[in-house]
>>> print(open('target07.cif').read())   # mmCIF, C-alpha atoms
data_coords
#
loop_
_atom_site.group_PDB
_atom_site.id
_atom_site.type_symbol
_atom_site.label_atom_id
_atom_site.label_comp_id
_atom_site.auth_asym_id
_atom_site.auth_seq_id
_atom_site.Cartn_x
_atom_site.Cartn_y
_atom_site.Cartn_z
ATOM 1 C CA MET A 6 4.725 -23.131 2.572
ATOM 2 C CA PRO A 7 6.381 -26.143 0.902
ATOM 3 C CA LEU A 8 9.385 -23.941 0.090
ATOM 4 C CA ARG A 9 9.694 -22.976 3.762
ATOM 5 C CA LEU A 10 9.548 -26.606 4.825
ATOM 6 C CA GLU A 11 12.136 -27.610 2.235
ATOM 7 C CA ALA A 12 14.438 -24.801 3.369
ATOM 8 C CA PHE A 13 14.051 -25.906 7.000
ATOM 9 C CA ASP A 14 14.809 -29.494 6.010
ATOM 10 C CA THR A 15 17.998 -28.396 4.227
ATOM 11 C CA LEU A 16 18.986 -26.218 7.192
ATOM 12 C CA LEU A 17 18.768 -29.168 9.592
ATOM 13 C CA GLU A 18 20.675 -31.366 7.161
ATOM 14 C CA LYS A 19 23.506 -28.903 6.580
ATOM 15 C CA LYS A 20 23.633 -27.611 10.159
ATOM 16 C CA PRO A 21 23.213 -30.589 12.502
ATOM 17 C CA GLU A 22 23.934 -28.309 15.462
ATOM 18 C CA TYR A 23 20.347 -27.075 15.117
ATOM 19 C CA GLN A 24 18.994 -30.592 15.645
ATOM 20 C CA GLY A 25 18.064 -32.158 18.957
ATOM 21 C CA GLY A 26 15.712 -29.455 20.158
ATOM 22 C CA LYS A 27 17.754 -26.359 19.312
ATOM 23 C CA VAL A 28 15.128 -25.020 16.919
ATOM 24 C CA SER A 29 11.570 -25.896 15.907
ATOM 25 C CA LEU A 30 9.392 -24.671 13.065
ATOM 26 C CA VAL A 31 5.746 -23.916 13.817
ATOM 27 C CA VAL A 32 3.526 -24.195 10.746
ATOM 28 C CA VAL A 33 -0.004 -22.817 10.906
ATOM 29 C CA ALA A 34 -2.133 -23.656 7.861
ATOM 30 C CA VAL A 35 -5.678 -22.338 7.766
ATOM 31 C CA PRO A 36 -8.043 -24.573 5.727
ATOM 32 C CA SER A 37 -9.030 -22.830 2.509
ATOM 33 C CA ARG A 38 -10.887 -24.002 -0.622
ATOM 34 C CA THR A 39 -10.729 -27.559 0.648
ATOM 35 C CA SER A 40 -12.863 -28.828 -2.242
ATOM 36 C CA VAL A 41 -10.451 -27.540 -4.926
ATOM 37 C CA ASN A 42 -8.149 -30.249 -6.281
ATOM 38 C CA SER A 43 -5.075 -28.025 -6.460
ATOM 39 C CA TYR A 44 -5.485 -27.153 -2.779
ATOM 40 C CA LYS A 45 -5.941 -30.818 -1.919
ATOM 41 C CA ARG A 46 -2.677 -31.603 -3.677
ATOM 42 C CA LEU A 47 -0.947 -28.744 -1.853
ATOM 43 C CA LYS A 48 -2.139 -30.006 1.535
ATOM 44 C CA LYS A 49 -0.997 -33.529 0.660
ATOM 45 C CA ARG A 50 2.446 -32.202 -0.235
ATOM 46 C CA ILE A 51 2.680 -30.224 3.005
ATOM 47 C CA ASP A 52 1.575 -33.242 5.064
ATOM 48 C CA GLU A 53 4.222 -35.384 3.381
ATOM 49 C CA LEU A 54 6.983 -32.821 3.951
ATOM 50 C CA VAL A 55 6.088 -32.417 7.625
ATOM 51 C CA GLY A 56 6.032 -36.186 8.072
ATOM 52 C CA ARG A 57 9.352 -36.608 6.292
ATOM 53 C CA ILE A 58 11.139 -33.938 8.325
ATOM 54 C CA ASN A 59 9.776 -35.142 11.652
ATOM 55 C CA GLY A 60 10.572 -38.730 10.752
ATOM 56 C CA LYS A 61 14.126 -37.897 9.692
ATOM 57 C CA TYR A 62 15.176 -35.641 12.566
ATOM 58 C CA GLY A 63 12.608 -36.041 15.338
ATOM 59 C CA THR A 64 13.422 -37.625 18.683
ATOM 60 C CA THR A 65 11.362 -38.836 21.612
ATOM 61 C CA ASP A 66 11.487 -35.364 23.172
ATOM 62 C CA TRP A 67 11.757 -33.093 20.114
ATOM 63 C CA VAL A 68 9.411 -32.523 17.187
ATOM 64 C CA PRO A 69 11.168 -30.414 14.506
ATOM 65 C CA VAL A 70 7.934 -29.233 12.854
ATOM 66 C CA ARG A 71 4.823 -28.469 14.864
ATOM 67 C CA TYR A 72 2.006 -28.485 12.339
ATOM 68 C CA PHE A 73 -1.419 -26.942 12.968
ATOM 69 C CA TYR A 74 -4.083 -27.301 10.283
ATOM 70 C CA ASN A 75 -7.148 -25.505 11.556
ATOM 71 C CA PHE A 76 -8.723 -22.123 12.128
ATOM 72 C CA LEU A 77 -7.110 -20.352 15.062
ATOM 73 C CA PRO A 78 -8.635 -17.452 17.011
ATOM 74 C CA PHE A 79 -6.663 -14.245 16.857
ATOM 75 C CA GLU A 80 -5.713 -14.539 20.533
ATOM 76 C CA THR A 81 -4.025 -17.872 19.784
ATOM 77 C CA LEU A 82 -2.165 -16.386 16.828
ATOM 78 C CA VAL A 83 -0.923 -13.567 19.054
ATOM 79 C CA ALA A 84 0.380 -16.189 21.479
ATOM 80 C CA PHE A 85 2.277 -17.850 18.624
ATOM 81 C CA TYR A 86 3.682 -14.477 17.545
ATOM 82 C CA SER A 87 4.812 -13.762 21.087
ATOM 83 C CA ALA A 88 6.488 -17.154 21.445
ATOM 84 C CA ALA A 89 8.306 -17.111 18.100
ATOM 85 C CA ASP A 90 11.898 -15.882 18.140
ATOM 86 C CA VAL A 91 11.786 -15.688 14.337
ATOM 87 C CA ALA A 92 8.842 -15.156 11.984
ATOM 88 C CA LEU A 93 9.281 -16.642 8.523
ATOM 89 C CA VAL A 94 6.800 -14.796 6.301
ATOM 90 C CA THR A 95 7.784 -15.690 2.755
ATOM 91 C CA PRO A 96 4.831 -15.668 0.342
ATOM 92 C CA LEU A 97 5.596 -16.014 -3.360
ATOM 93 C CA ARG A 98 3.155 -13.192 -4.068
ATOM 94 C CA ASP A 99 1.118 -11.071 -1.683
ATOM 95 C CA GLY A 100 -0.663 -7.750 -1.819
ATOM 96 C CA MET A 101 0.268 -6.665 1.720
ATOM 97 C CA ASN A 102 0.535 -9.474 4.284
ATOM 98 C CA LEU A 103 -0.801 -8.377 7.642
ATOM 99 C CA MET A 104 0.838 -11.306 9.440
ATOM 100 C CA ALA A 105 4.213 -9.602 9.104
ATOM 101 C CA LYS A 106 2.811 -6.430 10.657
ATOM 102 C CA GLU A 107 1.005 -8.366 13.378
ATOM 103 C CA TYR A 108 4.219 -10.122 14.360
ATOM 104 C CA VAL A 109 6.127 -6.851 14.689
ATOM 105 C CA ALA A 110 3.263 -5.226 16.607
ATOM 106 C CA THR A 111 3.065 -8.043 19.170
ATOM 107 C CA ARG A 112 6.774 -7.915 20.061
ATOM 108 C CA THR A 113 6.241 -5.640 23.038
ATOM 109 C CA ASP A 114 9.730 -6.239 24.439
ATOM 110 C CA GLY A 115 11.287 -5.438 21.068
ATOM 111 C CA THR A 116 12.890 -8.844 20.541
ATOM 112 C CA GLY A 117 12.258 -11.200 17.633
ATOM 113 C CA VAL A 118 13.329 -11.212 14.002
ATOM 114 C CA LEU A 119 11.082 -10.907 10.969
ATOM 115 C CA ILE A 120 12.156 -12.624 7.752
ATOM 116 C CA LEU A 121 9.990 -11.205 4.986
ATOM 117 C CA SER A 122 9.517 -11.969 1.314
ATOM 118 C CA GLU A 123 10.390 -9.198 -1.102
ATOM 119 C CA MET A 124 7.201 -10.207 -2.936
ATOM 120 C CA ALA A 125 4.988 -9.006 -0.059
ATOM 121 C CA GLY A 126 3.681 -5.461 -0.158
ATOM 122 C CA ALA A 127 4.622 -5.049 3.511
ATOM 123 C CA ALA A 128 8.304 -5.245 2.532
ATOM 124 C CA GLU A 129 8.108 -1.587 1.454
ATOM 125 C CA GLU A 130 7.177 -0.532 5.001
ATOM 126 C CA LEU A 131 9.154 -3.107 6.975
ATOM 127 C CA GLY A 132 12.579 -2.560 5.491
ATOM 128 C CA GLU A 133 14.333 -3.363 8.770
ATOM 129 C CA ALA A 134 13.213 -6.976 8.435
ATOM 130 C CA ILE A 135 15.498 -9.479 6.730
ATOM 131 C CA ILE A 136 14.206 -9.269 3.158
ATOM 132 C CA VAL A 137 14.583 -12.383 0.999
ATOM 133 C CA ASN A 138 13.599 -13.831 -2.347
ATOM 134 C CA PRO A 139 11.412 -16.799 -1.319
ATOM 135 C CA ASN A 140 12.451 -18.715 -4.438
ATOM 136 C CA ASP A 141 16.112 -18.629 -3.377
ATOM 137 C CA GLN A 142 16.454 -21.458 -0.871
ATOM 138 C CA ASP A 143 20.052 -20.605 -0.001
ATOM 139 C CA ALA A 144 19.028 -17.021 0.776
ATOM 140 C CA VAL A 145 16.169 -18.199 3.000
ATOM 141 C CA ILE A 146 18.469 -20.579 4.891
ATOM 142 C CA GLU A 147 21.061 -17.836 5.332
ATOM 143 C CA ALA A 148 18.331 -15.502 6.584
ATOM 144 C CA ILE A 149 17.209 -18.051 9.184
ATOM 145 C CA GLU A 150 20.783 -18.475 10.412
ATOM 146 C CA THR A 151 21.251 -14.696 10.558
ATOM 147 C CA ALA A 152 18.001 -14.317 12.483
ATOM 148 C CA LEU A 153 18.877 -17.020 15.001
ATOM 149 C CA ALA A 154 22.265 -15.427 15.659
ATOM 150 C CA MET A 155 21.142 -11.779 15.702
ATOM 151 C CA PRO A 156 22.092 -9.958 18.931
ATOM 152 C CA GLU A 157 19.166 -8.850 21.057
ATOM 153 C CA LYS A 158 20.210 -5.196 20.822
ATOM 154 C CA GLU A 159 19.974 -5.291 17.027
ATOM 155 C CA GLN A 160 16.614 -7.040 17.193
ATOM 156 C CA ILE A 161 15.218 -4.303 19.398
ATOM 157 C CA GLU A 162 16.607 -1.506 17.203
ATOM 158 C CA ARG A 163 15.046 -3.002 14.089
ATOM 159 C CA ASN A 164 11.679 -3.725 15.695
ATOM 160 C CA ARG A 165 11.330 -0.378 17.428
ATOM 161 C CA THR A 166 11.864 1.395 14.111
ATOM 162 C CA MET A 167 9.242 -0.752 12.408
ATOM 163 C CA GLN A 168 6.807 -0.377 15.310
ATOM 164 C CA LYS A 169 7.041 3.417 15.176
ATOM 165 C CA ARG A 170 6.343 3.293 11.451
ATOM 166 C CA LEU A 171 3.330 1.033 11.969
ATOM 167 C CA MET A 172 1.942 3.435 14.576
ATOM 168 C CA ARG A 173 2.219 6.330 12.130
ATOM 169 C CA TYR A 174 0.729 4.476 9.188
ATOM 170 C CA ASP A 175 -2.425 3.237 10.875
ATOM 171 C CA ILE A 176 -5.749 2.479 9.199
ATOM 172 C CA GLU A 177 -6.822 6.144 9.126
ATOM 173 C CA HIS A 178 -3.599 7.165 7.412
ATOM 174 C CA TRP A 179 -3.907 4.275 4.952
ATOM 175 C CA VAL A 180 -7.511 5.167 4.051
ATOM 176 C CA GLY A 181 -6.627 8.831 3.628
ATOM 177 C CA ASP A 182 -3.666 8.010 1.407
ATOM 178 C CA PHE A 183 -5.809 5.623 -0.636
ATOM 179 C CA LEU A 184 -8.518 8.243 -1.183
ATOM 180 C CA VAL A 185 -5.948 10.846 -2.252
ATOM 181 C CA ARG A 186 -4.454 8.449 -4.796
ATOM 182 C CA LEU A 187 -7.925 7.507 -6.000
ATOM 183 C CA GLY A 188 -8.733 11.184 -6.518
ATOM 184 C CA ASP A 189 -5.477 11.697 -8.418
ATOM 185 C CA ALA A 190 -6.249 8.735 -10.673
ATOM 186 C CA ARG A 191 -9.752 10.063 -11.352
ATOM 187 C CA ALA A 192 -8.356 13.496 -12.199
ATOM 188 C CA VAL A 193 -5.872 11.987 -14.656
ATOM 189 C CA ARG A 194 -8.646 9.961 -16.302
ATOM 190 C CA VAL A 195 -10.861 13.037 -16.686
ATOM 191 C CA GLU A 196 -7.950 15.039 -18.105
ATOM 192 C CA ARG A 197 -7.192 12.367 -20.669
ATOM 193 C CA SER A 198 -10.825 12.033 -21.677
ATOM 194 C CA GLU A 199 -10.991 15.777 -22.363
ATOM 195 C CA GLN A 200 -7.931 15.871 -24.571
ATOM 196 C CA ILE A 201 -8.643 16.553 -28.212
ATOM 197 C CA VAL A 202 -6.974 14.118 -30.516
ATOM 198 C CA THR A 203 -6.081 15.700 -33.842
ATOM 199 C CA PRO A 204 -5.776 13.184 -36.641
ATOM 200 C CA PRO A 205 -2.567 13.406 -38.641
ATOM 201 C CA LEU A 206 -2.771 15.362 -41.866
ATOM 202 C CA SER A 207 -2.431 13.251 -44.948
ATOM 203 C CA GLY A 208 0.114 14.652 -47.339
ATOM 204 C CA THR A 209 -0.071 14.603 -51.090
ATOM 205 C CA ASN A 210 2.697 13.733 -53.483
#
>>> encode(input="target07.cif", output="structure tokens")
Amino acid sequence: MPLRLEAFDTLLEKKPEYQGGKVSLVVVAVPSRTSVNSYKRLKKRIDELVGRINGKYGTTDWVPVRYFYNFLPFETLVAFYSAADVALVTPLRDGMNLMAKEYVATRTDGTGVLILSEMAGAAEELGEAIIVNPNDQDAVIEAIETALAMPEKEQIERNRTMQKRLMRYDIEHWVGDFLVRLGDARAVRVERSEQIVTPPLSGTN
């Protein structure tokens, strides 16, 4: 999240045409492990970045970063997904990331652009998204600019393809695929355990 905020800060600095209400970043942070010091430091850093960006660019009628730090019901998250022209889902490491899939699924009119980290497992399924390395700030900024300028027709083409794929690979398909792979792994383990290892013969001089 700090990397996203820093990229947004740099975008506004380098591209002043996006200032003055042209674009806003919505940040939703769900409280987690609030008693852990490292998480406390992370929240402090995020708070400072949000304050710095809003203080630097904000006006009386425009808040560059809208920051929500609380648990949100799923219905509220869906409303955010529906309102967002661009979803910036850029974890440094993630097993799957359902938020990326949720965003695509909620775009019923087909519009909207997903920017997705190559580190997220969902990147394998959502290849029509704009895939980025979250550690590369220039690439993230370029992706945001590309997303903001993407024609509506292209948005719809990308999203419809991803939506069809999500409909095919539903929970039943995922469970079935998982069980098949689990069975394959078990079979390999049994096969290896049954192999007879012959010790090398020791030669004599």
>>> residues_around(input="target07.cif", residues="range 78-83 of chain A", least_positions_apart="4", cutoff="10 Å", atoms="only C-alpha atoms", output="PyMOL selection string")
chain A and resi 33+87-89+104+107-108+110-112
>>> resolve_selection(input="target07.cif", expression="the PyMOL selection byres ((chain A and resi 24) around 12)", output="list in words")
Phe13, Asp14, Thr15, Leu16, Leu17, Glu18, Lys19, Lys20, Pro21, Glu22, Tyr23, Gly25, Gly26, Lys27, Val28, Ser29, Leu30, Ile58, Asn59, Lys61, Tyr62, Gly63, Thr64, Asp66, Trp67, Val68, Pro69 and Val70 of chain A
>>> atom_distance(input="target07.cif", atom1="CA of Leu47 in chain A", atom2="CA of Ala128 in chain A")
25.6 Å
>>> atom_distance(input="target07.cif", atom1="CA of Val109 in chain A", atom2="CA of Glu133 in chain A")
10.7 Å
>>> closest_residue(input="target07.cif", among="A:Leu10, A:Val195, A:Leu103, A:Leu97", to="Asn140 in chain A", atoms="all atoms listed in the file")
A:Leu97
>>> build_atoms(input="target07.cif", residues="range 34-60 of chain A", atoms="N, CA, C and O atoms", output="short mmCIF file (atom, residue, chain, number, x, y, z; two decimals), keeping the file's coordinate frame")
data_model
loop_
_atom_site.label_atom_id
_atom_site.label_comp_id
_atom_site.auth_asym_id
_atom_site.auth_seq_id
_atom_site.Cartn_x
_atom_site.Cartn_y
_atom_site.Cartn_z
N ALA A 34 -1.45 -23.67 9.16
CA ALA A 34 -2.13 -23.66 7.86
C ALA A 34 -3.63 -23.57 8.11
O ALA A 34 -4.20 -24.44 8.76
N VAL A 35 -4.24 -22.52 7.60
CA VAL A 35 -5.68 -22.34 7.77
C VAL A 35 -6.39 -23.00 6.59
O VAL A 35 -6.07 -22.70 5.43
N PRO A 36 -7.32 -23.91 6.83
CA PRO A 36 -8.04 -24.57 5.73
C PRO A 36 -8.69 -23.55 4.80
O PRO A 36 -9.31 -22.59 5.23
N SER A 37 -8.48 -23.75 3.51
CA SER A 37 -9.03 -22.83 2.51
C SER A 37 -9.31 -23.59 1.22
O SER A 37 -8.47 -24.37 0.76
N ARG A 38 -10.49 -23.38 0.65
CA ARG A 38 -10.89 -24.00 -0.62
C ARG A 38 -10.59 -25.51 -0.60
O ARG A 38 -9.96 -26.05 -1.51
N THR A 39 -11.05 -26.15 0.44
CA THR A 39 -10.73 -27.56 0.65
C THR A 39 -11.31 -28.48 -0.43
O THR A 39 -10.88 -29.63 -0.54
N SER A 40 -12.26 -27.99 -1.20
CA SER A 40 -12.86 -28.83 -2.24
C SER A 40 -12.14 -28.70 -3.59
O SER A 40 -12.43 -29.43 -4.53
N VAL A 41 -11.19 -27.76 -3.68
CA VAL A 41 -10.45 -27.54 -4.93
C VAL A 41 -9.28 -28.52 -5.00
O VAL A 41 -8.51 -28.66 -4.05
N ASN A 42 -9.16 -29.19 -6.14
CA ASN A 42 -8.15 -30.25 -6.28
C ASN A 42 -6.73 -29.74 -6.07
O ASN A 42 -5.90 -30.41 -5.45
N SER A 43 -6.43 -28.55 -6.60
CA SER A 43 -5.08 -28.02 -6.46
C SER A 43 -4.73 -27.78 -4.99
O SER A 43 -3.59 -27.99 -4.56
N TYR A 44 -5.72 -27.36 -4.20
CA TYR A 44 -5.48 -27.15 -2.78
C TYR A 44 -5.34 -28.48 -2.05
O TYR A 44 -4.58 -28.60 -1.08
N LYS A 45 -6.09 -29.49 -2.51
CA LYS A 45 -5.94 -30.82 -1.92
C LYS A 45 -4.54 -31.35 -2.16
O LYS A 45 -3.92 -31.94 -1.26
N ARG A 46 -4.03 -31.14 -3.37
CA ARG A 46 -2.68 -31.60 -3.68
C ARG A 46 -1.64 -30.85 -2.85
O ARG A 46 -0.64 -31.42 -2.40
N LEU A 47 -1.87 -29.54 -2.65
CA LEU A 47 -0.95 -28.74 -1.85
C LEU A 47 -0.92 -29.24 -0.41
O LEU A 47 0.16 -29.40 0.17
N LYS A 48 -2.09 -29.51 0.16
CA LYS A 48 -2.14 -30.01 1.54
C LYS A 48 -1.43 -31.36 1.64
O LYS A 48 -0.70 -31.62 2.61
N LYS A 49 -1.64 -32.21 0.65
CA LYS A 49 -1.00 -33.53 0.66
C LYS A 49 0.52 -33.38 0.65
O LYS A 49 1.24 -34.08 1.37
N ARG A 50 1.00 -32.43 -0.16
CA ARG A 50 2.45 -32.20 -0.24
C ARG A 50 2.99 -31.68 1.09
O ARG A 50 4.05 -32.12 1.56
N ILE A 51 2.25 -30.76 1.71
CA ILE A 51 2.68 -30.22 3.00
C ILE A 51 2.70 -31.33 4.06
O ILE A 51 3.64 -31.45 4.84
N ASP A 52 1.64 -32.14 4.10
CA ASP A 52 1.58 -33.24 5.06
C ASP A 52 2.77 -34.18 4.90
O ASP A 52 3.37 -34.63 5.89
N GLU A 53 3.11 -34.47 3.64
CA GLU A 53 4.22 -35.38 3.38
C GLU A 53 5.55 -34.78 3.82
O GLU A 53 6.40 -35.47 4.39
N LEU A 54 5.74 -33.49 3.56
CA LEU A 54 6.98 -32.82 3.95
C LEU A 54 7.14 -32.78 5.47
O LEU A 54 8.21 -33.05 6.00
N VAL A 55 6.05 -32.46 6.16
CA VAL A 55 6.09 -32.42 7.62
C VAL A 55 6.43 -33.80 8.17
O VAL A 55 7.28 -33.96 9.05
N GLY A 56 5.77 -34.83 7.62
CA GLY A 56 6.03 -36.19 8.07
C GLY A 56 7.47 -36.62 7.80
O GLY A 56 8.10 -37.28 8.65
N ARG A 57 7.99 -36.22 6.64
CA ARG A 57 9.35 -36.61 6.29
C ARG A 57 10.37 -35.95 7.22
O ARG A 57 11.30 -36.60 7.70
N ILE A 58 10.19 -34.66 7.47
CA ILE A 58 11.14 -33.94 8.32
C ILE A 58 11.10 -34.47 9.75
O ILE A 58 12.14 -34.72 10.37
N ASN A 59 9.90 -34.65 10.28
CA ASN A 59 9.78 -35.14 11.65
C ASN A 59 10.29 -36.57 11.77
O ASN A 59 10.88 -36.95 12.80
N GLY A 60 10.08 -37.36 10.73
CA GLY A 60 10.57 -38.73 10.75
C GLY A 60 12.09 -38.81 10.65
O GLY A 60 12.72 -39.69 11.24
#
